[in-house]
Amino acid sequence: MLDRAGFSPGEIDGQPGSNLKRALAAFQTSRGLAPTGAIDDATFQRLQRDVGNQPPLVSYTITDADIAGPFTPDIPADLVQQATFAALDYQSPLEALGERFHADTALLKALNPAATFAKAGEPVTVPNVAASATADPAGVTLIVTKSTSALTVEDADHRVIFHAPVTSGSKHDPLPIGTWKVNGVQQNPEFHYNPALFWDANPSHSKARLAPGPNNPVGTVWIDISKEHYGIHGTPEPANIGHVESHGCVRLTNWDAQRVAALVKPGTKVIFR
């Protein structure tokens, strides 16, 4: 319900974790409710009012396209080794379905213990997730708050129209506090690895080009900002969003990064605080 309301809990895993609590608190604040981060009758009723009394789970039938790929199984963790791959696609149909339905693959397996996730025509139960948020890009501001590990998009009247958990910076590569702007949006970006920009890079590494794909280090979209070498982008590891640190850039799940990309344009104000 939060996902459909535009207050993303990140990867849906069926557990009451910190990203869920942040999403609840942000939703409650935006609706004038006490920001407890816990579900209560008033919050549940407001969610129902905002998104409709739809079922939390729906049935989906796996298609030929879902299992056709292309896929890139067994992607190594080493970035220089990844650079030898012609593509960095999903590793399996299950991973692709997890991204489509904003869900942890372990949750999909738990919901469908008899499913193979490898046969066209196979019915599976999946989360009933949202369509993309919509707004006039001319009036929005994008805000990333380090203390809450959250990104919000506000309209011209300062109303939150989208909220999502992020991973942003570390003590080695802190989030560059200040006001910036969006330069542009690149879909399915290549990743140009420069070990000189990574404090923890392997000393034997050299510069490398990594192919596009959802398992590329910056995921399926790169939102370039006016701070050199910094951007807002997706990730190949959605379970880590909101729970680990980054090399300074702002990471979201691929689906949340795409929702943000649809809400901004060149010149959109970006505030890191």
# chains A, B, ... in the order shown; residues from 1 in each chain; ligands from 1

$ select_by_dssp --residues "segment 94-205 of chain A" --states "alpha helix (DSSP H)" --output "PyMOL selection string"
chain A and resi 94-100+105-111

$ write_last_selection --atoms "C-alpha atoms" --output "PDB file, in the first residue's frame"
ATOM      1  CA  LEU A  94      13.357 -14.952 -10.759  1.00  0.00           C
ATOM      2  CA  GLU A  95      15.607 -11.917 -10.296  1.00  0.00           C
ATOM      3  CA  ALA A  96      13.824 -10.093 -13.142  1.00  0.00           C
ATOM      4  CA  LEU A  97      10.415 -10.829 -11.603  1.00  0.00           C
ATOM      5  CA  GLY A  98      11.657  -9.622  -8.219  1.00  0.00           C
ATOM      6  CA  GLU A  99      12.550  -6.252  -9.759  1.00  0.00           C
ATOM      7  CA  ARG A 100       9.273  -6.007 -11.653  1.00  0.00           C
ATOM      8  CA  THR A 105      13.322 -13.128  -4.405  1.00  0.00           C
ATOM      9  CA  ALA A 106      13.120 -15.017  -1.097  1.00  0.00           C
ATOM     10  CA  LEU A 107       9.675 -13.485  -0.548  1.00  0.00           C
ATOM     11  CA  LEU A 108       8.536 -14.584  -4.020  1.00  0.00           C
ATOM     12  CA  LYS A 109       9.721 -18.111  -3.251  1.00  0.00           C
ATOM     13  CA  ALA A 110       7.927 -18.087   0.109  1.00  0.00           C
ATOM     14  CA  LEU A 111       4.705 -16.916  -1.534  1.00  0.00           C
TER      15      LEU A 111
END

$ residues_around --residues "Ser226 of chain A" --least-positions-apart "6" --cutoff "8 Å" --atoms "only C-alpha atoms" --output "PDB file with C-alpha atoms, in the first residue's frame"
ATOM      1  CA  TRP A 180      22.805  21.247  -6.974  1.00  0.00           C
ATOM      2  CA  LYS A 181      20.734  20.683 -10.096  1.00  0.00           C
ATOM      3  CA  VAL A 182      19.938  17.855 -12.489  1.00  0.00           C
ATOM      4  CA  ASN A 183      22.031  17.933 -15.668  1.00  0.00           C
TER       5      ASN A 183
END

$ residues_around --residues "segment 255-268 of chain A" --least-positions-apart "2" --cutoff "8 Å" --atoms "only C-alpha atoms" --output "ChimeraX atom specification"
/A:8,10,99-100,102,132-138,140-142,153,162,164,181-185,220-221,223,232-234,251-253,270

$ write_last_selection --atoms "N, CA and C atoms" --output "tab-separated table (two decimals), in the first residue's frame"
chain	number	residue	atom	x	y	z
A	8	SER	N	7.88	4.59	-0.89
A	8	SER	CA	8.50	3.29	-1.11
A	8	SER	C	9.18	2.76	0.14
A	10	GLY	N	11.34	0.48	-0.31
A	10	GLY	CA	12.46	-0.22	-0.94
A	10	GLY	C	12.04	-1.62	-1.35
A	99	GLU	N	12.47	-7.68	-9.45
A	99	GLU	CA	12.55	-6.25	-9.76
A	99	GLU	C	11.21	-5.72	-10.26
A	100	ARG	N	10.54	-6.48	-11.11
A	100	ARG	CA	9.27	-6.01	-11.65
A	100	ARG	C	8.25	-5.77	-10.56
A	102	HIS	N	9.05	-5.37	-7.26
A	102	HIS	CA	9.66	-4.66	-6.14
A	102	HIS	C	9.88	-5.58	-4.94
A	132	SER	N	4.25	4.31	-11.92
A	132	SER	CA	5.15	5.42	-11.66
A	132	SER	C	4.39	6.63	-11.14
A	133	ALA	N	5.06	7.40	-10.28
A	133	ALA	CA	4.50	8.65	-9.81
A	133	ALA	C	4.48	9.66	-10.95
A	134	THR	N	3.57	10.61	-10.87
A	134	THR	CA	3.49	11.63	-11.91
A	134	THR	C	3.45	13.01	-11.27
A	135	ALA	N	4.04	13.97	-11.95
A	135	ALA	CA	4.04	15.36	-11.50
A	135	ALA	C	4.57	16.22	-12.62
A	136	ASP	N	4.41	17.53	-12.48
A	136	ASP	CA	4.97	18.47	-13.44
A	136	ASP	C	6.44	18.68	-13.09
A	137	PRO	N	7.39	18.20	-13.92
A	137	PRO	CA	8.80	18.35	-13.58
A	137	PRO	C	9.23	19.81	-13.40
A	138	ALA	N	8.47	20.74	-13.95
A	138	ALA	CA	8.85	22.14	-13.84
A	138	ALA	C	8.79	22.64	-12.40
A	140	VAL	N	9.15	20.60	-9.37
A	140	VAL	CA	9.57	19.71	-8.30
A	140	VAL	C	10.97	20.03	-7.79
A	141	THR	N	11.21	19.64	-6.55
A	141	THR	CA	12.53	19.71	-5.93
A	141	THR	C	12.86	18.33	-5.37
A	142	LEU	N	14.07	17.90	-5.57
A	142	LEU	CA	14.53	16.60	-5.09
A	142	LEU	C	15.41	16.83	-3.87
A	153	VAL	N	10.72	13.73	-3.20
A	153	VAL	CA	10.42	14.66	-4.30
A	153	VAL	C	9.23	15.49	-3.86
A	162	PHE	N	6.76	11.84	-3.61
A	162	PHE	CA	7.45	10.56	-3.66
A	162	PHE	C	8.50	10.52	-2.57
A	164	ALA	N	11.53	7.62	-0.89
A	164	ALA	CA	12.18	6.31	-1.04
A	164	ALA	C	13.44	6.25	-0.18
A	181	LYS	N	21.83	20.79	-9.13
A	181	LYS	CA	20.73	20.68	-10.10
A	181	LYS	C	20.94	19.46	-10.97
A	182	VAL	N	19.87	18.99	-11.57
A	182	VAL	CA	19.94	17.86	-12.49
A	182	VAL	C	20.49	18.35	-13.83
A	183	ASN	N	21.51	17.64	-14.33
A	183	ASN	CA	22.03	17.93	-15.67
A	183	ASN	C	21.28	17.16	-16.75
A	184	GLY	N	20.90	15.92	-16.41
A	184	GLY	CA	20.21	15.08	-17.38
A	184	GLY	C	20.01	13.68	-16.86
A	185	VAL	N	19.27	12.89	-17.61
A	185	VAL	CA	18.96	11.51	-17.24
A	185	VAL	C	19.44	10.58	-18.35
A	220	THR	N	19.86	0.69	-13.76
A	220	THR	CA	19.20	0.94	-15.04
A	220	THR	C	19.09	2.40	-15.42
A	221	VAL	N	19.48	3.32	-14.50
A	221	VAL	CA	19.35	4.75	-14.84
A	221	VAL	C	20.37	5.56	-14.03
A	223	ILE	N	21.00	9.59	-13.04
A	223	ILE	CA	20.55	10.98	-13.01
A	223	ILE	C	21.77	11.83	-12.67
A	232	ILE	N	22.58	10.32	-9.04
A	232	ILE	CA	21.53	9.55	-8.37
A	232	ILE	C	21.21	8.39	-9.30
A	233	HIS	N	21.25	7.17	-8.81
A	233	HIS	CA	21.19	6.04	-9.73
A	233	HIS	C	20.61	4.79	-9.08
A	234	GLY	N	20.46	3.75	-9.89
A	234	GLY	CA	19.96	2.47	-9.41
A	234	GLY	C	21.06	1.61	-8.85
A	251	ARG	N	22.15	6.09	-4.13
A	251	ARG	CA	21.64	4.87	-4.75
A	251	ARG	C	20.23	4.58	-4.27
A	252	LEU	N	19.39	4.15	-5.20
A	252	LEU	CA	18.04	3.66	-4.90
A	252	LEU	C	17.89	2.29	-5.56
A	253	THR	N	16.80	1.61	-5.24
A	253	THR	CA	16.47	0.44	-6.05
A	253	THR	C	16.27	0.89	-7.49
A	270	VAL	N	18.26	20.10	-6.75
A	270	VAL	CA	18.62	18.94	-5.93
A	270	VAL	C	19.26	19.46	-4.65

$ closest_residue --among "A:Asp13, A:Asp64, A:Glu190, A:Asp41" --to "Pro93 of chain A" --atoms "only C-alpha atoms"
A:Asp64

$ atom_distance --atom1 "atom CA of Gly32 of chain A" --atom2 "atom CA of Leu47 of chain A"
12.7 Å

$ residues_around --residues "segment 73-86 of chain A" --least-positions-apart "3" --cutoff "8 Å" --atoms "only C-alpha atoms" --output "number ranges by chain"
A: 90-92, 193, 205-206, 208-211

$ atom_distance --atom1 "atom CA of Arg31 of chain A" --atom2 "atom CA of Asp104 of chain A"
28.3 Å

$ residues_around --residues "Asn112 of chain A" --least-positions-apart "6" --cutoff "10 Å" --atoms "only C-alpha atoms" --output "MDAnalysis selection string"
chainID A and resid 106 123:126

$ closest_residue --among "A:Leu88, A:Ala68, A:Val144, A:Ile177" --to "Gly213 of chain A" --atoms "only C-alpha atoms"
A:Leu88

$ closest_residue --among "A:Glu228, A:Ile241, A:Gln54, A:Gln15" --to "Ala150 of chain A" --atoms "only C-alpha atoms"
A:Ile241

$ closest_residue --among "A:Ile67, A:Leu20, A:Ala5, A:Ala87" --to "Arg49 of chain A" --atoms "only C-alpha atoms"
A:Ala5

$ select_by_dssp --residues "segment 84-202 of chain A" --states "strand (DSSP E)" --output "JSON, numbers by chain"
{"A": [123, 124, 125, 126, 127, 141, 142, 143, 144, 145, 150, 151, 152, 153, 154, 160, 161, 162, 163, 164, 165, 167, 168, 178, 179, 180, 181, 182, 183, 184, 185, 186, 187, 191, 192, 193]}

$ write_last_selection --atoms "N, CA and C atoms" --output "tab-separated table (two decimals), in the first residue's frame"
chain	number	residue	atom	x	y	z
A	123	PRO	N	1.39	-19.72	-13.01
A	123	PRO	CA	0.85	-18.61	-12.21
A	123	PRO	C	1.63	-18.44	-10.92
A	124	VAL	N	1.88	-17.19	-10.55
A	124	VAL	CA	2.57	-16.90	-9.30
A	124	VAL	C	1.86	-15.76	-8.59
A	125	THR	N	1.99	-15.71	-7.27
A	125	THR	CA	1.45	-14.64	-6.46
A	125	THR	C	2.55	-13.61	-6.21
A	126	VAL	N	2.22	-12.33	-6.44
A	126	VAL	CA	3.22	-11.26	-6.35
A	126	VAL	C	2.62	-10.05	-5.63
A	127	PRO	N	3.47	-9.16	-5.10
A	127	PRO	CA	2.94	-7.92	-4.51
A	127	PRO	C	2.25	-7.05	-5.55
A	141	THR	N	11.21	19.64	-6.55
A	141	THR	CA	12.53	19.71	-5.93
A	141	THR	C	12.86	18.33	-5.37
A	142	LEU	N	14.07	17.90	-5.57
A	142	LEU	CA	14.53	16.60	-5.09
A	142	LEU	C	15.41	16.83	-3.87
A	143	ILE	N	15.11	16.15	-2.77
A	143	ILE	CA	15.83	16.35	-1.51
A	143	ILE	C	16.33	15.00	-1.00
A	144	VAL	N	17.63	14.94	-0.67
A	144	VAL	CA	18.21	13.75	-0.05
A	144	VAL	C	18.67	14.13	1.35
A	145	THR	N	18.19	13.40	2.36
A	145	THR	CA	18.50	13.71	3.75
A	145	THR	C	19.36	12.58	4.32
A	150	ALA	N	16.96	8.98	3.23
A	150	ALA	CA	15.75	9.06	2.43
A	150	ALA	C	15.87	10.13	1.34
A	151	LEU	N	15.20	9.86	0.24
A	151	LEU	CA	15.03	10.83	-0.85
A	151	LEU	C	13.56	11.18	-0.93
A	152	THR	N	13.26	12.47	-1.06
A	152	THR	CA	11.89	12.89	-1.29
A	152	THR	C	11.83	13.78	-2.52
A	153	VAL	N	10.72	13.73	-3.20
A	153	VAL	CA	10.42	14.66	-4.30
A	153	VAL	C	9.23	15.49	-3.86
A	154	GLU	N	9.41	16.81	-3.86
A	154	GLU	CA	8.34	17.72	-3.45
A	154	GLU	C	7.84	18.50	-4.65
A	160	VAL	N	5.07	16.36	-0.42
A	160	VAL	CA	5.86	15.18	-0.82
A	160	VAL	C	5.03	14.33	-1.76
A	161	ILE	N	5.54	14.14	-2.99
A	161	ILE	CA	4.84	13.30	-3.95
A	161	ILE	C	5.53	11.96	-4.14
A	162	PHE	N	6.76	11.84	-3.61
A	162	PHE	CA	7.45	10.56	-3.66
A	162	PHE	C	8.50	10.52	-2.57
A	163	HIS	N	8.63	9.34	-1.95
A	163	HIS	CA	9.62	9.12	-0.89
A	163	HIS	C	10.22	7.74	-1.10
A	164	ALA	N	11.53	7.62	-0.89
A	164	ALA	CA	12.18	6.31	-1.04
A	164	ALA	C	13.44	6.25	-0.18
A	165	PRO	N	13.79	5.05	0.28
A	165	PRO	CA	15.05	4.90	1.01
A	165	PRO	C	16.23	4.96	0.05
A	167	THR	N	20.84	4.87	-0.21
A	167	THR	CA	22.17	4.71	0.35
A	167	THR	C	22.98	5.91	-0.12
A	168	SER	N	23.61	6.63	0.80
A	168	SER	CA	24.24	7.89	0.40
A	168	SER	C	25.48	8.20	1.23
A	178	GLY	N	24.71	20.42	0.08
A	178	GLY	CA	24.56	21.65	-0.69
A	178	GLY	C	23.41	21.57	-1.66
A	179	THR	N	23.31	22.59	-2.50
A	179	THR	CA	22.25	22.67	-3.50
A	179	THR	C	22.85	22.51	-4.88
A	180	TRP	N	22.30	21.58	-5.64
A	180	TRP	CA	22.80	21.25	-6.97
A	180	TRP	C	21.63	21.28	-7.95
A	181	LYS	N	21.83	20.79	-9.13
A	181	LYS	CA	20.73	20.68	-10.10
A	181	LYS	C	20.94	19.46	-10.97
A	182	VAL	N	19.87	18.99	-11.57
A	182	VAL	CA	19.94	17.86	-12.49
A	182	VAL	C	20.49	18.35	-13.83
A	183	ASN	N	21.51	17.64	-14.33
A	183	ASN	CA	22.03	17.93	-15.67
A	183	ASN	C	21.28	17.16	-16.75
A	184	GLY	N	20.90	15.92	-16.41
A	184	GLY	CA	20.21	15.08	-17.38
A	184	GLY	C	20.01	13.68	-16.86
A	185	VAL	N	19.27	12.89	-17.61
A	185	VAL	CA	18.96	11.51	-17.24
A	185	VAL	C	19.44	10.58	-18.35
A	186	GLN	N	20.18	9.55	-17.98
A	186	GLN	CA	20.65	8.55	-18.95
A	186	GLN	C	20.08	7.19	-18.60
A	187	GLN	N	19.34	6.61	-19.52
A	187	GLN	CA	18.79	5.27	-19.34
A	187	GLN	C	19.82	4.22	-19.76
A	191	PHE	N	28.97	1.97	-17.20
A	191	PHE	CA	29.66	2.44	-16.00
A	191	PHE	C	31.15	2.50	-16.30
A	192	HIS	N	31.71	3.69	-16.13
A	192	HIS	CA	33.13	3.88	-16.38
A	192	HIS	C	33.86	3.84	-15.04
A	193	TYR	N	34.46	2.71	-14.76
A	193	TYR	CA	35.11	2.47	-13.48
A	193	TYR	C	36.48	3.14	-13.47

$ atom_distance --atom1 "atom CA of Phe272 of chain A" --atom2 "atom CA of Gly37 of chain A"
23.1 Å

$ closest_residue --among "A:Tyr60, A:Phe71, A:Phe117, A:Tyr230" --to "Asp173 of chain A" --atoms "only C-alpha atoms"
A:Tyr230
